[in-house]
2 protein chains.
Amino acid sequence: MSTKIKILLVEDDRNITNFISTTLEGNDYKVTTALTGREGVSLAASFCPDVILLDLGLPDIDGYEVLRQVRAWSRVPIIIISARTKESEKVTALDLGADDYITKPFGTAELMARIRTSLRHSRPATPDHIYRALNLEINFEKRQVRLSGEDIHLTQIEYQLLTLLAENSGRVLTYGHIMNTIWGPYMDAGNQILRVNMANIRRKIEKNPAQPQYVFTEIGIGYRMLENENV
Amino acid sequence: MSTKIKILLVEDDRNITNFISTTLEGNDYKVTTALTGREGVSLAASFCPDVILLDLGLPDIDGYEVLRQVRAWSRVPIIIISARTKESEKVTALDLGADDYITKPFGTAELMARIRTSLRHSRPATPDHIYRALNLEINFEKRQVRLSGEDIHLTQIEYQLLTLLAENSGRVLTYGHIMNTIWGPYMDAGNQILRVNMANIRRKIEKNPAQPQYVFTEIGIGYRMLENENV
DNA sequence: GTTTGCCGTAAAGATGATGTTAAGAAGTGA
DNA sequence: TCACTTCTTAACATCATCTTTACGGCAAAC
């Protein structure tokens, strides 16, 4: 599986496709070329490109039509590359959902820069970082804790404490380490505060705090959280 | 609700500013003009435009420097309008975070189309441009907020604040992040203003502001809005 | 069986953060 | 200019949270 950014080039002139795809590959993009509009629409779906470079003048269906069909279901950035310089054509293309419009001839450096700009615009759909075990779910991006689908309200310190344990689930964290991490090194010795906060957390997420399912006490050492089921 | 889309025009040639701002106002945008780079940076924070049109040739500080300073804290779409046609200048500007680059002379229709395209980019979070949850509906394109079908009047700042939360619904936005996004980095520390505005918003959209349904407080952190039912 | 040390729980005061209101400043349009 | 809305600041009341204190239970050690 390659992690290269994928670009779909829809263009019927083989001289141009060769030139552009060589340039793109030299910049570490993965390129696929479509020589017709229909092929372009089809590849937009199957190839799942991160950017589409689209020529307006195509042999079978019009570039506008390609734009329309792709935009019907996808928001992938589309950069129009065209020899047509008429303003009305630019306006039409942009309002149909194109993200940029470059007129031939253009420099490769500019094309590369505009591709980078388009990529910035497309929000990378990174899946959220989540801890999951039994009925408990912690979404770190949303700062959300759920138990059997119900939102659980935690205070600031409680949340810090729980996420610290969750991020090290399966491992024992010593009292000293936890105290240092959350209260800093200038806190008075002793872990009364830690015990109180742990009791509050357990009251919120454990059915029976006396027999915890998620956070276990290692007497004399520290706490350990049930291992994350994700990986 | 008459919350026009705001555009900041940074350009020192008065002939051009007059021409462009007339055109923009004819298209129902609200325009503010900065004749120098410093003024542009300052207005970017205080005026909170939805789009910035930036000329590269300015009397005091360079257009690139304006770009850099605004990008240090804001993601507002920036369209470069320049007489410089050199490819390297385009590349520099785009890589500094500009969203588009138009060379003079250009047609107003194209400028309008590129502004519309930029505005599309600044709303990437909501798939169909509508937030909906319970009885609340926010139409980002119409800039309309409805509660049980009734139009709700919000001030500029209230609208910005609510849409910021709606675009990130389900996740916590910190006070600092909200302050930076809406009031810019030059605002005095503290979030009194934020609290007052939130109280005003709640008075308008919540049945009982003391027990909010839509916008929740994460004490010590920030605010979180009820997750969008779309998606 | 008793003692000792460790842990969990409850309650209460102190602390700090938030919600609310009102008044003045600044901006807007007629 | 005036009337009007909106923005900002300040003061205050309220509430949640944090921390400390006190106490009971439990298990291991003597």
# chains A, B, ... in the order shown; residues from 1 in each chain; ligands from 1
>>> residues_around(residues="Leu119 (chain B)", least_positions_apart="6", cutoff="12 Å", atoms="only C-alpha atoms (C1' of nucleotides)", output="PDB file with C-alpha atoms, in the first residue's frame")
ATOM      1  CA  LEU A  94     -15.879  27.503 -10.974  1.00  0.00           C
ATOM      2  CA  ASP A  95     -19.582  27.711 -10.226  1.00  0.00           C
ATOM      3  CA  GLY A  97     -17.725  23.257  -8.337  1.00  0.00           C
ATOM      4  CA  ASP A  99     -11.650  24.569  -7.219  1.00  0.00           C
ATOM      5  CA  HIS A 121      -8.481  22.762   1.203  1.00  0.00           C
TER       6      HIS A 121
ATOM      7  CA  ILE B   5     -20.679  38.536   3.710  1.00  0.00           C
ATOM      8  CA  LYS B   6     -17.698  40.720   4.574  1.00  0.00           C
ATOM      9  CA  ILE B   7     -14.764  41.299   2.263  1.00  0.00           C
ATOM     10  CA  PRO B  49     -13.730  39.431   6.964  1.00  0.00           C
ATOM     11  CA  ASP B  50     -15.007  36.297   5.290  1.00  0.00           C
ATOM     12  CA  VAL B  51     -12.594  36.819   2.389  1.00  0.00           C
ATOM     13  CA  ILE B  52      -9.523  38.995   1.906  1.00  0.00           C
ATOM     14  CA  ARG B  75      -7.524  30.651   7.955  1.00  0.00           C
ATOM     15  CA  VAL B  76      -9.722  33.203   6.260  1.00  0.00           C
ATOM     16  CA  PRO B  77      -9.590  32.755   2.459  1.00  0.00           C
ATOM     17  CA  ILE B  78      -7.087  35.121   0.873  1.00  0.00           C
ATOM     18  CA  ILE B  79      -7.126  35.891  -2.827  1.00  0.00           C
ATOM     19  CA  ASP B  99      -5.998  30.459  -1.661  1.00  0.00           C
ATOM     20  CA  ASP B 100      -5.923  31.906  -5.139  1.00  0.00           C
ATOM     21  CA  MET B 112     -16.815  37.094  -8.274  1.00  0.00           C
ATOM     22  CA  ALA B 113     -16.621  33.433  -9.246  1.00  0.00           C
ATOM     23  CA  HIS B 129     -24.273  23.468   4.325  1.00  0.00           C
ATOM     24  CA  PHE B 140     -24.788  28.589   6.225  1.00  0.00           C
ATOM     25  CA  GLU B 141     -25.364  29.737   2.665  1.00  0.00           C
TER      26      GLU B 141
END
>>> interface_residues(of="chain B", to="chain A", cutoff="9 Å", atoms="only C-alpha atoms", output="NGL selection string")
:B and (87-88 or 90-92 or 94-95 or 97-100 or 106-107 or 109-114 or 116-118 or 120-122 or 124-125 or 170-173 or 218-221 or 224)
>>> atom_distance(atom1="CA of Glu137 (chain B)", atom2="CA of Gly149 (chain B)")
8.1 Å
>>> interface_residues(of="chain A", to="chain D", cutoff="12 Å", atoms="only C-alpha atoms (C1' of nucleotides)", output="ChimeraX atom specification")
/A:154-158,183,187-188,191-194,196-197,210,219
>>> calpha_fit_rmsd(fixed="chain A", moving="chain B")
18.6 Å
>>> interface_residues(of="chain C", to="chain A", cutoff="9 Å", atoms="only C-alpha atoms (C1' of nucleotides)", output="list in words")
DC6, DC7, DG8 and DT9 of chain C
>>> write_last_selection(atoms="C-alpha atoms (C1' of nucleotides)", output="PDB file, in the first residue's frame")
ATOM      1  C1'  DC C   6      -3.442   1.186  52.781  1.00  0.00           C
ATOM      2  C1'  DC C   7      -7.434   2.265  50.235  1.00  0.00           C
ATOM      3  C1'  DG C   8     -12.201   4.030  49.357  1.00  0.00           C
ATOM      4  C1'  DT C   9     -15.956   7.137  50.636  1.00  0.00           C
TER       5       DT C   9
END
>>> select_by_dssp(residues="region 61-128 of chain A", states="helix (DSSP H, G or I)", output="PyMOL selection string")
chain A and resi 63-71+87-95+108-121
>>> write_last_selection(atoms="C-alpha atoms", output="CSV table (one decimal), in the first residue's frame")
chain,number,residue,atom,x,y,z
A,63,GLY,CA,-15.5,18.7,-19.4
A,64,TYR,CA,-18.3,20.6,-17.7
A,65,GLU,CA,-20.3,17.3,-17.8
A,66,VAL,CA,-17.5,15.5,-16.2
A,67,LEU,CA,-17.4,18.1,-13.5
A,68,ARG,CA,-21.1,17.9,-12.9
A,69,GLN,CA,-21.1,14.1,-12.7
A,70,VAL,CA,-18.1,13.9,-10.3
A,71,ARG,CA,-19.5,16.7,-8.1
A,87,GLU,CA,-14.1,34.6,-18.7
A,88,SER,CA,-17.5,33.0,-19.0
A,89,GLU,CA,-16.0,29.6,-19.2
A,90,LYS,CA,-14.0,30.1,-16.1
A,91,VAL,CA,-17.1,31.4,-14.2
A,92,THR,CA,-19.1,28.4,-15.4
A,93,ALA,CA,-16.5,25.9,-14.4
A,94,LEU,CA,-15.9,27.5,-11.0
A,95,ASP,CA,-19.6,27.7,-10.2
A,108,THR,CA,4.8,23.4,-13.8
A,109,ALA,CA,5.8,25.2,-10.7
A,110,GLU,CA,2.5,27.0,-10.6
A,111,LEU,CA,0.6,23.8,-11.2
A,112,MET,CA,2.4,22.2,-8.3
A,113,ALA,CA,1.7,25.1,-6.1
A,114,ARG,CA,-2.0,25.1,-7.0
A,115,ILE,CA,-2.2,21.4,-6.4
A,116,ARG,CA,-0.7,21.9,-2.9
A,117,THR,CA,-3.3,24.7,-2.3
A,118,SER,CA,-6.1,22.4,-3.3
A,119,LEU,CA,-4.8,19.6,-1.0
A,120,ARG,CA,-4.8,22.1,1.9
A,121,HIS,CA,-8.5,22.8,1.2
>>> atom_distance(atom1="CA of Ser148 (chain B)", atom2="CA of Arg132 (chain B)")
10.8 Å
>>> residues_around(residues="Ala189 (chain B)", least_positions_apart="4", cutoff="10 Å", atoms="only C-alpha atoms (C1' of nucleotides)", output="number ranges by chain")
B: 176, 179, 185
>>> atom_distance(atom1="CA of Pro105 (chain A)", atom2="CA of Ile16 (chain B)")
27.7 Å
>>> residues_around(residues="Val31 (chain A)", least_positions_apart="4", cutoff="8 Å", atoms="only C-alpha atoms (C1' of nucleotides)", output="PyMOL selection string")
chain A and resi 6-9+21+24-25
>>> select_by_dssp(residues="chain A", states="strand (DSSP E or B)", output="compact mmCIF listing (two decimals) with C-alpha atoms, in the first residue's frame")
# COMPACT_ATOMS: atom_id res chain seq x y z
CA ILE A 5 -1.00 11.26 -2.91
CA LYS A 6 -3.08 10.20 -5.90
CA ILE A 7 -3.84 12.47 -8.84
CA LEU A 8 -6.20 11.77 -11.69
CA LEU A 9 -5.35 13.50 -14.96
CA VAL A 10 -8.19 13.78 -17.46
CA TYR A 29 2.59 11.91 -6.69
CA LYS A 30 0.91 8.80 -8.00
CA VAL A 31 -0.73 9.57 -11.33
CA THR A 32 -3.45 7.89 -13.35
CA THR A 33 -4.51 9.22 -16.73
CA ALA A 34 -7.90 9.23 -18.40
CA VAL A 51 -6.96 15.73 -6.72
CA ILE A 52 -8.34 15.74 -10.26
CA LEU A 53 -6.76 17.73 -13.08
CA LEU A 54 -9.41 18.16 -15.74
CA ASP A 55 -9.15 19.44 -19.28
CA ILE A 78 -10.82 19.57 -9.15
CA ILE A 79 -8.45 21.85 -11.01
CA ILE A 80 -9.47 22.82 -14.52
CA ILE A 81 -6.66 22.93 -17.05
CA SER A 82 -7.86 24.49 -20.25
CA ASP A 100 -9.28 26.30 -9.59
CA TYR A 101 -8.86 27.15 -13.24
CA ILE A 102 -5.52 27.37 -15.01
CA THR A 103 -5.15 28.39 -18.61
CA ILE A 130 -10.62 6.39 20.33
CA TYR A 131 -10.26 4.17 23.37
CA ARG A 132 -12.81 1.38 23.54
CA ALA A 133 -13.32 -1.41 26.05
CA LEU A 136 -16.72 2.48 27.62
CA GLU A 137 -15.63 4.74 24.80
CA ILE A 138 -13.29 7.72 24.99
CA ASN A 139 -13.01 10.00 21.96
CA GLN A 144 -16.00 12.90 24.95
CA VAL A 145 -16.55 9.94 27.28
CA ARG A 146 -19.43 7.56 26.68
CA LEU A 147 -20.74 4.62 28.66
CA GLU A 150 -24.59 7.76 27.17
CA ASP A 151 -22.45 10.85 27.54
CA ILE A 152 -20.59 10.92 30.85
CA VAL A 172 0.40 -0.03 35.69
CA LEU A 173 0.99 3.64 36.36
CA THR A 174 2.51 4.41 39.75
CA VAL A 215 -9.73 0.82 36.43
CA PHE A 216 -7.97 -1.56 38.82
CA THR A 217 -5.96 -0.81 41.92
CA GLU A 218 -2.52 -2.33 42.27
CA GLY A 222 -0.72 2.47 41.41
CA TYR A 223 -3.59 2.03 38.96
CA ARG A 224 -4.06 0.04 35.77
CA MET A 225 -6.76 0.43 33.15
